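*Asks:* Contents are mmCIF, C-alpha atoms and all ligand atoms; chains and numbers go by the auth columns; file name model_16.cif:
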```cif
data_protein
#
loop_
_atom_site.group_PDB
_atom_site.id
_atom_site.type_symbol
_atom_site.label_atom_id
_atom_site.label_comp_id
_atom_site.label_asym_id
_atom_site.label_seq_id
_atom_site.Cartn_x
_atom_site.Cartn_y
_atom_site.Cartn_z
_atom_site.B_iso_or_equiv
_atom_site.auth_seq_id
_atom_site.auth_asym_id
ATOM 1 C CA MET A 1 174.948 -86.386 -0.423 0.00 1 A
ATOM 2 C CA SER A 2 174.679 -90.036 -1.342 0.00 2 A
ATOM 3 C CA SER A 3 172.320 -91.147 -4.071 0.00 3 A
ATOM 4 C CA LEU A 4 170.322 -93.050 -1.465 0.00 4 A
ATOM 5 C CA HIS A 5 169.673 -89.884 0.526 0.00 5 A
ATOM 6 C CA PHE A 6 168.757 -88.073 -2.647 0.00 6 A
ATOM 7 C CA VAL A 7 166.175 -90.716 -3.511 0.00 7 A
ATOM 8 C CA VAL A 8 164.704 -90.559 -0.015 0.00 8 A
ATOM 9 C CA ILE A 9 164.470 -86.766 -0.042 0.00 9 A
ATOM 10 C CA PHE A 10 163.061 -86.763 -3.555 0.00 10 A
ATOM 11 C CA PHE A 11 160.273 -89.164 -2.645 0.00 11 A
ATOM 12 C CA ASN A 12 159.552 -87.361 0.594 0.00 12 A
ATOM 13 C CA ILE A 13 158.998 -84.200 -1.434 0.00 13 A
ATOM 14 C CA LEU A 14 156.944 -86.130 -3.955 0.00 14 A
ATOM 15 C CA HIS A 15 154.880 -87.522 -1.131 0.00 15 A
ATOM 16 C CA LEU A 16 153.688 -84.046 -0.190 0.00 16 A
ATOM 17 C CA VAL A 17 151.914 -83.693 -3.517 0.00 17 A
ATOM 18 C CA THR A 18 150.364 -87.157 -3.660 0.00 18 A
ATOM 19 C CA PRO A 19 146.614 -87.147 -3.062 0.00 19 A
ATOM 20 C CA TYR A 20 145.561 -88.105 0.418 0.00 20 A
ATOM 21 C CA LEU A 21 143.741 -91.317 1.231 0.00 21 A
ATOM 22 C CA GLU A 22 140.168 -90.728 2.259 0.00 22 A
ATOM 23 C CA SER A 23 140.466 -93.229 5.086 0.00 23 A
ATOM 24 C CA ASP A 24 143.958 -93.294 6.516 0.00 24 A
ATOM 25 C CA GLY A 25 145.291 -96.582 7.833 0.00 25 A
ATOM 26 C CA TRP A 26 148.285 -97.972 9.640 0.00 26 A
ATOM 27 C CA LEU A 27 150.551 -100.939 8.876 0.00 27 A
ATOM 28 C CA ASN A 28 152.853 -103.183 10.850 0.00 28 A
ATOM 29 C CA ILE A 29 155.433 -105.096 8.894 0.00 29 A
ATOM 30 C CA GLU A 30 157.432 -107.937 10.357 0.00 30 A
ATOM 31 C CA LEU A 31 160.554 -108.605 8.317 0.00 31 A
ATOM 32 C CA HIS A 32 162.045 -112.066 8.007 0.00 32 A
ATOM 33 C CA HIS A 33 165.014 -112.998 5.837 0.00 33 A
ATOM 34 C CA ALA A 34 166.594 -116.161 4.478 0.00 34 A
ATOM 35 C CA LEU A 35 170.341 -116.088 5.101 0.00 35 A
ATOM 36 C CA ASP A 36 171.294 -119.750 5.071 0.00 36 A
ATOM 37 C CA ARG A 37 172.576 -120.814 1.665 0.00 37 A
ATOM 38 C CA HIS A 38 172.149 -124.483 2.569 0.00 38 A
ATOM 39 C CA ASN A 39 168.671 -124.020 3.979 0.00 39 A
ATOM 40 C CA PRO A 40 167.021 -121.496 1.653 0.00 40 A
ATOM 41 C CA ASP A 41 163.515 -121.830 3.070 0.00 41 A
ATOM 42 C CA LYS A 42 164.528 -120.975 6.597 0.00 42 A
ATOM 43 C CA PHE A 43 163.476 -117.396 7.323 0.00 43 A
ATOM 44 C CA THR A 44 164.617 -115.708 10.527 0.00 44 A
ATOM 45 C CA PHE A 45 163.378 -112.530 12.177 0.00 45 A
ATOM 46 C CA ARG A 46 165.049 -109.338 10.957 0.00 46 A
ATOM 47 C CA GLY A 47 162.984 -106.512 12.429 0.00 47 A
ATOM 48 C CA ASN A 48 159.734 -104.619 12.673 0.00 48 A
ATOM 49 C CA VAL A 49 158.535 -101.660 10.681 0.00 49 A
ATOM 50 C CA SER A 50 155.463 -99.755 11.699 0.00 50 A
ATOM 51 C CA ILE A 51 153.778 -97.017 9.708 0.00 51 A
ATOM 52 C CA PRO A 52 151.260 -95.270 11.992 0.00 52 A
ATOM 53 C CA SER A 53 149.731 -93.235 9.165 0.00 53 A
ATOM 54 C CA LEU A 54 149.909 -94.075 5.479 0.00 54 A
ATOM 55 C CA ASN A 55 149.111 -90.456 4.646 0.00 55 A
ATOM 56 C CA ILE A 56 152.059 -89.140 6.621 0.00 56 A
ATOM 57 C CA GLY A 57 154.177 -92.075 5.442 0.00 57 A
ATOM 58 C CA ILE A 58 156.803 -91.966 8.180 0.00 58 A
ATOM 59 C CA ALA A 59 157.947 -95.378 9.395 0.00 59 A
ATOM 60 C CA ASN A 60 159.428 -96.526 12.666 0.00 60 A
ATOM 61 C CA VAL A 61 162.081 -99.114 11.942 0.00 61 A
ATOM 62 C CA LEU A 62 163.311 -101.422 14.671 0.00 62 A
ATOM 63 C CA GLN A 63 166.025 -103.885 13.678 0.00 63 A
ATOM 64 C CA GLU A 64 168.409 -105.929 15.748 0.00 64 A
ATOM 65 C CA PRO A 65 172.085 -106.040 14.701 0.00 65 A
ATOM 66 C CA LEU A 66 173.085 -109.269 12.929 0.00 66 A
ATOM 67 C CA ASN A 67 175.056 -111.628 15.124 0.00 67 A
ATOM 68 C CA SER A 68 178.390 -112.986 13.888 0.00 68 A
ATOM 69 C CA GLU A 69 176.820 -116.214 12.667 0.00 69 A
ATOM 70 C CA ASP A 70 174.270 -114.361 10.521 0.00 70 A
ATOM 71 C CA ARG A 71 176.948 -111.999 9.185 0.00 71 A
ATOM 72 C CA GLU A 72 178.969 -114.982 7.975 0.00 72 A
ATOM 73 C CA LYS A 73 175.881 -116.516 6.368 0.00 73 A
ATOM 74 C CA LEU A 74 175.111 -113.296 4.513 0.00 74 A
ATOM 75 C CA LYS A 75 178.721 -112.993 3.359 0.00 75 A
ATOM 76 C CA ASP A 76 178.571 -116.580 2.173 0.00 76 A
ATOM 77 C CA LEU A 77 175.390 -115.858 0.184 0.00 77 A
ATOM 78 C CA ALA A 78 177.097 -112.856 -1.406 0.00 78 A
ATOM 79 C CA GLU A 79 180.271 -114.752 -2.258 0.00 79 A
ATOM 80 C CA HIS A 80 178.213 -117.405 -4.008 0.00 80 A
ATOM 81 C CA ASN A 81 176.204 -114.844 -5.968 0.00 81 A
ATOM 82 C CA GLN A 82 172.946 -115.890 -4.355 0.00 82 A
ATOM 83 C CA PHE A 83 169.824 -113.879 -3.686 0.00 83 A
ATOM 84 C CA TYR A 84 168.991 -112.311 -0.381 0.00 84 A
ATOM 85 C CA ARG A 85 165.284 -112.966 0.165 0.00 85 A
ATOM 86 C CA LEU A 86 163.083 -110.896 2.395 0.00 86 A
ATOM 87 C CA LYS A 87 159.584 -111.795 3.513 0.00 87 A
ATOM 88 C CA SER A 88 157.299 -109.074 4.837 0.00 88 A
ATOM 89 C CA TYR A 89 154.388 -110.098 7.013 0.00 89 A
ATOM 90 C CA VAL A 90 151.997 -107.163 6.931 0.00 90 A
ATOM 91 C CA THR A 91 149.259 -106.579 9.491 0.00 91 A
ATOM 92 C CA PHE A 92 146.697 -103.953 8.429 0.00 92 A
ATOM 93 C CA SER A 93 144.482 -101.679 10.488 0.00 93 A
ATOM 94 C CA ASP A 94 141.566 -104.032 9.784 0.00 94 A
ATOM 95 C CA ALA A 95 143.599 -106.952 11.252 0.00 95 A
ATOM 96 C CA THR A 96 144.087 -108.775 7.936 0.00 96 A
ATOM 97 C CA LYS A 97 147.529 -110.267 7.338 0.00 97 A
ATOM 98 C CA ILE A 98 149.314 -110.765 4.037 0.00 98 A
ATOM 99 C CA ASP A 99 152.929 -111.628 3.282 0.00 99 A
ATOM 100 C CA TYR A 100 155.106 -110.413 0.420 0.00 100 A
ATOM 101 C CA LEU A 101 158.402 -111.762 -0.859 0.00 101 A
ATOM 102 C CA THR A 102 161.141 -109.649 -2.390 0.00 102 A
ATOM 103 C CA SER A 103 164.741 -110.420 -3.269 0.00 103 A
ATOM 104 C CA THR A 104 167.967 -108.665 -4.189 0.00 104 A
ATOM 105 C CA LYS A 105 171.455 -109.844 -5.027 0.00 105 A
ATOM 106 C CA ALA A 106 173.121 -110.647 -1.719 0.00 106 A
ATOM 107 C CA CYS A 107 176.380 -109.110 -2.916 0.00 107 A
ATOM 108 C CA ALA A 108 174.613 -105.848 -3.783 0.00 108 A
ATOM 109 C CA LEU A 109 173.255 -105.675 -0.250 0.00 109 A
ATOM 110 C CA ALA A 110 176.684 -106.538 1.147 0.00 110 A
ATOM 111 C CA ASN A 111 178.401 -103.917 -1.030 0.00 111 A
ATOM 112 C CA ALA A 112 175.857 -101.375 0.208 0.00 112 A
ATOM 113 C CA GLN A 113 176.797 -102.383 3.796 0.00 113 A
ATOM 114 C CA LEU A 114 173.179 -103.257 4.570 0.00 114 A
ATOM 115 C CA ALA A 115 171.755 -99.928 3.457 0.00 115 A
ATOM 116 C CA ASP A 116 168.460 -100.609 1.736 0.00 116 A
ATOM 117 C CA LEU A 117 165.188 -99.027 0.703 0.00 117 A
ATOM 118 C CA LEU A 118 161.860 -100.625 1.447 0.00 118 A
ATOM 119 C CA TRP A 119 159.123 -99.524 -0.927 0.00 119 A
ATOM 120 C CA VAL A 120 155.599 -99.938 0.360 0.00 120 A
ATOM 121 C CA SER A 121 153.350 -99.542 -2.676 0.00 121 A
ATOM 122 C CA ILE A 122 149.731 -98.821 -1.851 0.00 122 A
ATOM 123 C CA ASP A 123 146.745 -98.144 -4.064 0.00 123 A
ATOM 124 C CA THR A 124 144.353 -95.206 -3.739 0.00 124 A
ATOM 125 C CA SER A 125 142.284 -97.038 -1.132 0.00 125 A
ATOM 126 C CA GLY A 126 145.332 -97.729 1.050 0.00 126 A
ATOM 127 C CA SER A 127 145.688 -101.453 0.297 0.00 127 A
ATOM 128 C CA VAL A 128 149.241 -102.697 -0.034 0.00 128 A
ATOM 129 C CA LEU A 129 150.124 -103.823 -3.560 0.00 129 A
ATOM 130 C CA ALA A 130 153.748 -104.753 -2.975 0.00 130 A
ATOM 131 C CA ILE A 131 156.660 -104.461 -0.606 0.00 131 A
ATOM 132 C CA THR A 132 159.902 -104.271 -2.491 0.00 132 A
ATOM 133 C CA GLN A 133 163.470 -103.970 -1.306 0.00 133 A
ATOM 134 C CA THR A 134 166.060 -102.154 -3.382 0.00 134 A
ATOM 135 C CA VAL A 135 169.744 -101.617 -2.672 0.00 135 A
ATOM 136 C CA SER A 136 172.151 -99.226 -4.313 0.00 136 A
ATOM 137 C CA GLY A 137 175.280 -101.371 -3.915 0.00 137 A
ATOM 138 C CA SER A 138 177.054 -102.903 -6.895 0.00 138 A
ATOM 139 C CA GLY A 139 175.564 -106.195 -8.013 0.00 139 A
ATOM 140 C CA ASN A 140 178.928 -107.244 -9.367 0.00 140 A
ATOM 141 C CA CYS A 141 179.911 -110.032 -7.029 0.00 141 A
ATOM 142 C CA GLN A 142 183.500 -110.175 -8.272 0.00 142 A
ATOM 143 C CA ASP A 143 184.428 -106.946 -6.538 0.00 143 A
ATOM 144 C CA LEU A 144 182.933 -107.814 -3.193 0.00 144 A
ATOM 145 C CA GLN A 145 184.950 -105.728 -0.759 0.00 145 A
ATOM 146 C CA VAL A 146 183.291 -106.140 2.577 0.00 146 A
ATOM 147 C CA SER A 147 184.327 -107.702 5.799 0.00 147 A
ATOM 148 C CA SER A 148 181.684 -109.344 7.910 0.00 148 A
ATOM 149 C CA GLU A 149 182.016 -106.458 10.422 0.00 149 A
ATOM 150 C CA ASP A 150 180.420 -104.212 7.822 0.00 150 A
ATOM 151 C CA LEU A 151 177.360 -106.440 7.836 0.00 151 A
ATOM 152 C CA GLU A 152 176.116 -105.748 11.312 0.00 152 A
ATOM 153 C CA ASN A 153 173.465 -103.042 11.171 0.00 153 A
ATOM 154 C CA PHE A 154 170.753 -102.543 8.622 0.00 154 A
ATOM 155 C CA ASN A 155 170.224 -98.947 7.601 0.00 155 A
ATOM 156 C CA THR A 156 166.727 -99.037 6.192 0.00 156 A
ATOM 157 C CA HIS A 157 164.648 -96.240 4.721 0.00 157 A
ATOM 158 C CA VAL A 158 160.980 -96.862 4.124 0.00 158 A
ATOM 159 C CA ILE A 159 159.098 -95.117 1.327 0.00 159 A
ATOM 160 C CA VAL A 160 155.329 -95.280 1.124 0.00 160 A
ATOM 161 C CA LYS A 161 154.422 -94.880 -2.510 0.00 161 A
ATOM 162 C CA GLN A 162 150.875 -94.431 -3.676 0.00 162 A
ATOM 163 C CA MET A 163 150.458 -95.989 -7.103 0.00 163 A
ATOM 164 C CA GLU A 164 148.039 -94.146 -9.301 0.00 164 A
ATOM 165 C CA LEU A 165 146.374 -95.949 -12.126 0.00 165 A
ATOM 166 C CA ALA A 166 146.491 -93.447 -14.962 0.00 166 A
ATOM 167 C CA PRO A 167 143.626 -93.576 -17.463 0.00 167 A
ATOM 168 C CA VAL A 168 144.735 -95.440 -20.553 0.00 168 A
ATOM 169 C CA PRO A 169 143.748 -93.768 -23.837 0.00 169 A
ATOM 170 C CA ASP A 170 141.372 -96.023 -25.759 0.00 170 A
ATOM 171 C CA THR A 171 143.183 -95.671 -29.076 0.00 171 A
ATOM 172 C CA THR A 172 141.991 -98.926 -30.600 0.00 172 A
ATOM 173 C CA SER A 173 138.298 -98.226 -30.383 0.00 173 A
ATOM 174 C CA PHE A 174 138.845 -94.647 -31.571 0.00 174 A
ATOM 175 C CA ILE A 175 140.625 -95.904 -34.703 0.00 175 A
ATOM 176 C CA GLN A 176 137.879 -98.505 -35.249 0.00 176 A
ATOM 177 C CA LYS A 177 135.246 -95.769 -34.987 0.00 177 A
ATOM 178 C CA LEU A 178 137.096 -93.688 -37.596 0.00 178 A
ATOM 179 C CA GLU A 179 137.363 -96.740 -39.843 0.00 179 A
ATOM 180 C CA ARG A 180 133.623 -97.463 -39.586 0.00 180 A
ATOM 181 C CA GLU A 181 132.818 -93.850 -40.419 0.00 181 A
ATOM 182 C CA ARG A 182 135.126 -93.899 -43.423 0.00 182 A
ATOM 183 C CA GLU A 183 133.568 -97.119 -44.749 0.00 183 A
ATOM 184 C CA ALA A 184 130.072 -95.743 -44.225 0.00 184 A
ATOM 185 C CA ARG A 185 131.013 -92.598 -46.108 0.00 185 A
ATOM 186 C CA GLU A 186 132.377 -94.651 -48.991 0.00 186 A
ATOM 187 C CA ARG A 187 129.123 -96.611 -49.158 0.00 187 A
ATOM 188 C CA GLY A 188 127.234 -93.317 -49.103 0.00 188 A
ATOM 189 C CA GLU A 189 125.420 -94.286 -45.946 0.00 189 A
ATOM 190 C CA VAL A 190 126.216 -91.196 -43.977 0.00 190 A
ATOM 191 C CA LYS A 191 123.470 -88.663 -44.538 0.00 191 A
ATOM 192 C CA ASP A 192 124.444 -85.064 -44.404 0.00 192 A
ATOM 193 C CA ASN A 193 121.968 -84.049 -41.757 0.00 193 A
ATOM 194 C CA ARG A 194 123.418 -80.692 -40.861 0.00 194 A
ATOM 195 C CA GLY A 195 121.087 -77.716 -40.883 0.00 195 A
ATOM 196 C CA PHE A 196 120.451 -75.692 -44.041 0.00 196 A
ATOM 197 C CA PHE A 197 122.640 -72.784 -42.934 0.00 197 A
ATOM 198 C CA ALA A 198 125.436 -75.037 -41.704 0.00 198 A
ATOM 199 C CA LYS A 199 125.457 -76.769 -45.087 0.00 199 A
ATOM 200 C CA TYR A 200 125.267 -73.725 -47.354 0.00 200 A
ATOM 201 C CA TRP A 201 126.846 -70.948 -45.313 0.00 201 A
ATOM 202 C CA MET A 202 129.644 -70.541 -47.860 0.00 202 A
ATOM 203 C CA TYR A 203 127.024 -69.502 -50.441 0.00 203 A
ATOM 204 C CA ILE A 204 124.740 -67.617 -48.114 0.00 204 A
ATOM 205 C CA VAL A 205 127.396 -65.376 -46.570 0.00 205 A
ATOM 206 C CA PRO A 206 128.761 -63.881 -49.841 0.00 206 A
ATOM 207 C CA ILE A 207 125.218 -63.343 -51.181 0.00 207 A
ATOM 208 C CA GLY A 208 124.256 -61.701 -47.903 0.00 208 A
ATOM 209 C CA LEU A 209 127.296 -59.437 -48.112 0.00 209 A
ATOM 210 C CA LEU A 210 126.473 -58.492 -51.730 0.00 210 A
ATOM 211 C CA VAL A 211 122.917 -57.605 -50.741 0.00 211 A
ATOM 212 C CA LEU A 212 124.213 -55.491 -47.873 0.00 212 A
ATOM 213 C CA ILE A 213 126.724 -53.623 -50.034 0.00 213 A
ATOM 214 C CA SER A 214 124.319 -52.980 -52.881 0.00 214 A
ATOM 215 C CA GLY A 215 121.642 -51.949 -50.385 0.00 215 A
ATOM 216 C CA ALA A 216 123.999 -49.425 -48.859 0.00 216 A
ATOM 217 C CA THR A 217 124.910 -47.892 -52.215 0.00 217 A
ATOM 218 C CA SER A 218 121.491 -48.144 -53.926 0.00 218 A
ATOM 219 C CA PRO A 219 119.928 -44.851 -52.626 0.00 219 A
ATOM 220 C CA ASP A 220 122.645 -42.869 -54.418 0.00 220 A
ATOM 221 C CA GLY A 221 122.869 -45.199 -57.413 0.00 221 A
ATOM 222 C CA GLY A 222 119.113 -45.595 -57.796 0.00 222 A
ATOM 223 C CA GLN A 223 118.348 -41.889 -57.568 0.00 223 A
ATOM 224 C CA GLY A 224 121.306 -41.058 -59.784 0.00 224 A
ATOM 225 C CA GLY A 225 119.906 -43.359 -62.410 0.00 225 A
ATOM 226 C CA GLY A 226 116.538 -41.582 -62.354 0.00 226 A
ATOM 227 C CA ARG A 227 118.047 -38.132 -62.867 0.00 227 A
HETATM 228 C C1 LIG B . 157.586 -107.317 16.142 0.00 301 B
HETATM 229 O O1 LIG B . 156.190 -107.237 15.937 0.00 301 B
HETATM 230 C C2 LIG B . 155.439 -108.366 16.387 0.00 301 B
HETATM 231 C C3 LIG B . 154.000 -108.103 16.031 0.00 301 B
HETATM 232 O O2 LIG B . 153.814 -107.859 14.693 0.00 301 B
HETATM 233 C C4 LIG B . 155.651 -108.583 17.866 0.00 301 B
HETATM 234 O O3 LIG B . 154.963 -109.751 18.254 0.00 301 B
HETATM 235 C C5 LIG B . 157.119 -108.713 18.160 0.00 301 B
HETATM 236 O O4 LIG B . 157.320 -108.780 19.541 0.00 301 B
HETATM 237 C C6 LIG B . 157.898 -107.502 17.618 0.00 301 B
HETATM 238 N N1 LIG B . 159.297 -107.738 17.838 0.00 301 B
HETATM 239 C C7 LIG B . 160.115 -106.783 18.261 0.00 301 B
HETATM 240 C C8 LIG B . 161.531 -107.175 18.478 0.00 301 B
HETATM 241 O O5 LIG B . 159.745 -105.635 18.455 0.00 301 B
#
```
Let me see whether you can do it: turn the structure in this file into structure tokens.
*Replies:*
Amino acid sequence: MSSLHFVVIFFNILHLVTPYLESDGWLNIELHHALDRHNPDKFTFRGNVSIPSLNIGIANVLQEPLNSEDREKLKDLAEHNQFYRLKSYVTFSDATKIDYLTSTKACALANAQLADLLWVSIDTSGSVLAITQTVSGSGNCQDLQVSSEDLENFNTHVIVKQMELAPVPDTTSFIQKLEREREARERGEVKDNRGFFAKYWMYIVPIGLLVLISGATSPDGGQGGGR
């Protein structure tokens, strides 16, 4: 099992335990990439990804094979240690559109023979925070061992990842509170306003015990004394 498959399976399992969105939504993502080393701002259509339900998180990926011209351009990017840049135009269920840019080493993508992971990070309300591409191929461009025939078909897995914002412990203000209390104690400002029993229980309890014990033994002792 390749590491890529392991990652996909792992996150699919993880997905089952992520909390569900209260209002599910869908996404359409149109992928465009920049392959031309001499014209870096020219993005061409790569494919469409649709996610019918963010809660289920399964994507339909539709990508055309790269033609020979594009394969040569990608190989050229890789050989010159350039970045492969991917733009995702996202259309949401509420018809808003946002685009995201992500990039990877072109030689890593080439070494992975166009196998990549597309991470769709959403927040707890279902809004997209980022779309990130990762590839597992070697980013070492010296050992580029691919022919342009290997660069024909993208093999893309999509992972919908719900980011949870964990509560951050407020350590600073806790330490400041302790400091203020310590200073107040040193200035004698803190009044001991606990109840009488709470303050003196360590004296009251032994005295109470003594009274109990002597009370229990006094009928014998007292009468014995009067004999
Ligand atoms: C990709 O999706 C867009 C809408 O987002 C659509 O206009 C276009 O025809 C689709 N292309 C393919 C090849 O499915």
*Asks:* So which residues are near ligand LIG 301 (chain B), meaning at most 12 Å away with all atoms listed in the file counted, given back as a PyMOL selection string?
*Replies:* chain A and resi 27-32+45-51+60-65+88-93+95-98
*Asks:* What does the file look like for those residues with C-alpha atoms, as an mmCIF file, in the frame of the given file?
*Replies:*
```
data_model
loop_
_atom_site.group_PDB
_atom_site.id
_atom_site.type_symbol
_atom_site.label_atom_id
_atom_site.label_comp_id
_atom_site.auth_asym_id
_atom_site.auth_seq_id
_atom_site.Cartn_x
_atom_site.Cartn_y
_atom_site.Cartn_z
ATOM 1 C CA LEU A 27 150.551 -100.939 8.876
ATOM 2 C CA ASN A 28 152.853 -103.183 10.850
ATOM 3 C CA ILE A 29 155.433 -105.096 8.894
ATOM 4 C CA GLU A 30 157.432 -107.937 10.357
ATOM 5 C CA LEU A 31 160.554 -108.605 8.317
ATOM 6 C CA HIS A 32 162.045 -112.066 8.007
ATOM 7 C CA PHE A 45 163.378 -112.530 12.177
ATOM 8 C CA ARG A 46 165.049 -109.338 10.957
ATOM 9 C CA GLY A 47 162.984 -106.512 12.429
ATOM 10 C CA ASN A 48 159.734 -104.619 12.673
ATOM 11 C CA VAL A 49 158.535 -101.660 10.681
ATOM 12 C CA SER A 50 155.463 -99.755 11.699
ATOM 13 C CA ILE A 51 153.778 -97.017 9.708
ATOM 14 C CA ASN A 60 159.428 -96.526 12.666
ATOM 15 C CA VAL A 61 162.081 -99.114 11.942
ATOM 16 C CA LEU A 62 163.311 -101.422 14.671
ATOM 17 C CA GLN A 63 166.025 -103.885 13.678
ATOM 18 C CA GLU A 64 168.409 -105.929 15.748
ATOM 19 C CA PRO A 65 172.085 -106.040 14.701
ATOM 20 C CA SER A 88 157.299 -109.074 4.837
ATOM 21 C CA TYR A 89 154.388 -110.098 7.013
ATOM 22 C CA VAL A 90 151.997 -107.163 6.931
ATOM 23 C CA THR A 91 149.259 -106.579 9.491
ATOM 24 C CA PHE A 92 146.697 -103.953 8.429
ATOM 25 C CA SER A 93 144.482 -101.679 10.488
ATOM 26 C CA ALA A 95 143.599 -106.952 11.252
ATOM 27 C CA THR A 96 144.087 -108.775 7.936
ATOM 28 C CA LYS A 97 147.529 -110.267 7.338
ATOM 29 C CA ILE A 98 149.314 -110.765 4.037
#
```
*Asks:* Pick from A:Thr134, A:Ser23, A:Asn81, A:Asn140: nearest to Ser103 of chain A, with all atoms listed in the file counted?
*Replies:*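 Of A:Thr134, A:Ser23, A:Asn81, A:Asn140, the one nearest Ser103 of chain A is A:Thr134, counting all atoms listed in the file.
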*Asks:* When the PyMOL selection byres (((chain A and resi 157) around 10) and not hetatm) is applied to the structure above, which residues does it catch, written out as JSON, numbers by chain?
*Replies:* {"A": [4, 5, 8, 58, 59, 60, 61, 115, 116, 117, 118, 119, 133, 154, 155, 156, 158, 159]}
*Asks:* Tell me which protein, DNA and RNA residues are within 8 Å of Lys161 of chain A, counting only C-alpha atoms, leaving out same-chain ones fewer than 6 positions away, and put them as a list of chain:residue names.
*Replies:*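 In the requested format, the answer is A:His15, A:Trp119, A:Val120, A:Ser121, A:Ile122.
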*Asks:* For a test of reading the model, state the distance in Å between atom CA of Gln162 of chain A and atom CA of Gly126 of chain A, rounded to one decimal.
*Replies:*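 Going from atom CA of Gln162 of chain A over to atom CA of Gly126 of chain A covers 8.0 Å.
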*Asks:* Could you tell me how far atom CA of Pro40 of chain A lies from atom CA of Asn67 of chain A, in Å and to one decimal?
*Replies:*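 Distance between the two atoms: 18.5 Å.
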*Asks:* On this file, the PyMOL selection byres (((chain A and resi 77) around 9) and not hetatm) gives some set of residues; write that set as a list of chain:residue names.
*Replies:*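 So the PyMOL selection byres (((chain A and resi 77) around 9) and not hetatm), applied here, picks out A:Leu35, A:Asp36, A:Arg37, A:Glu72, A:Lys73, A:Leu74, A:Lys75, A:Asp76, A:Ala78, A:Glu79, A:His80, A:Asn81, A:Gln82, A:Phe83, A:Tyr84, A:Lys105, A:Ala106, A:Cys107.
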*Asks:* May I ask which of the residues A:Leu86, A:Val128, A:Leu114, A:Ile213 is the closest one to Leu54 of chain A, counting only C-alpha atoms?
*Replies:*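 The shortest atom-to-atom distance to Leu54 of chain A comes from A:Val128.
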*Asks:* Counting all atoms listed in the file, which residue out of A:Ser147, A:Thr44, A:Ser53, A:Ser125 sits closest to Val160 of chain A?
*Replies:*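 Among A:Ser147, A:Thr44, A:Ser53, A:Ser125, it is A:Ser53 that comes nearest to Val160 of chain A.
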*Asks:* In Å, rounded to a single decimal, give me how far atom CA of Gln113 of chain A is from atom CA of Glu69 of chain A.
*Replies:*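 We find that atom CA of Glu69 of chain A and atom CA of Gln113 of chain A lie 16.4 Å from each other.
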*Asks:* Using all atoms listed in the file, which residue out of A:Glu183, A:Gly208, A:Glu164, A:Tyr203 lies closest to Asp123 of chain A?
*Replies:* A:Glu164
*Asks:* Of the residues A:Thr172, A:Ser148, A:Ser136, A:Gln142, which is the one nearest to Ala112 of chain A, using only C-alpha atoms?
*Replies:* A:Ser136
*Asks:* So, with only C-alpha atoms as the atoms that count, which of A:Arg182, A:Lys87, A:Arg194, A:Arg187 lies closest to Tyr100 of chain A?
*Replies:*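 The shortest atom-to-atom distance to Tyr100 of chain A comes from A:Lys87.
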*Asks:* Once 6 Å is added on each side, what are the centre and the three edge lengths, in Å to one decimal, of the axis-aligned box enclosing the listed atoms of segment 202-205 of chain A? Present them as lines of an AutoDock Vina configuration file.
*Replies:*
```
center_x = 127.2
center_y = -68.0
center_z = -48.5
size_x = 16.9
size_y = 17.2
size_z = 15.9
```
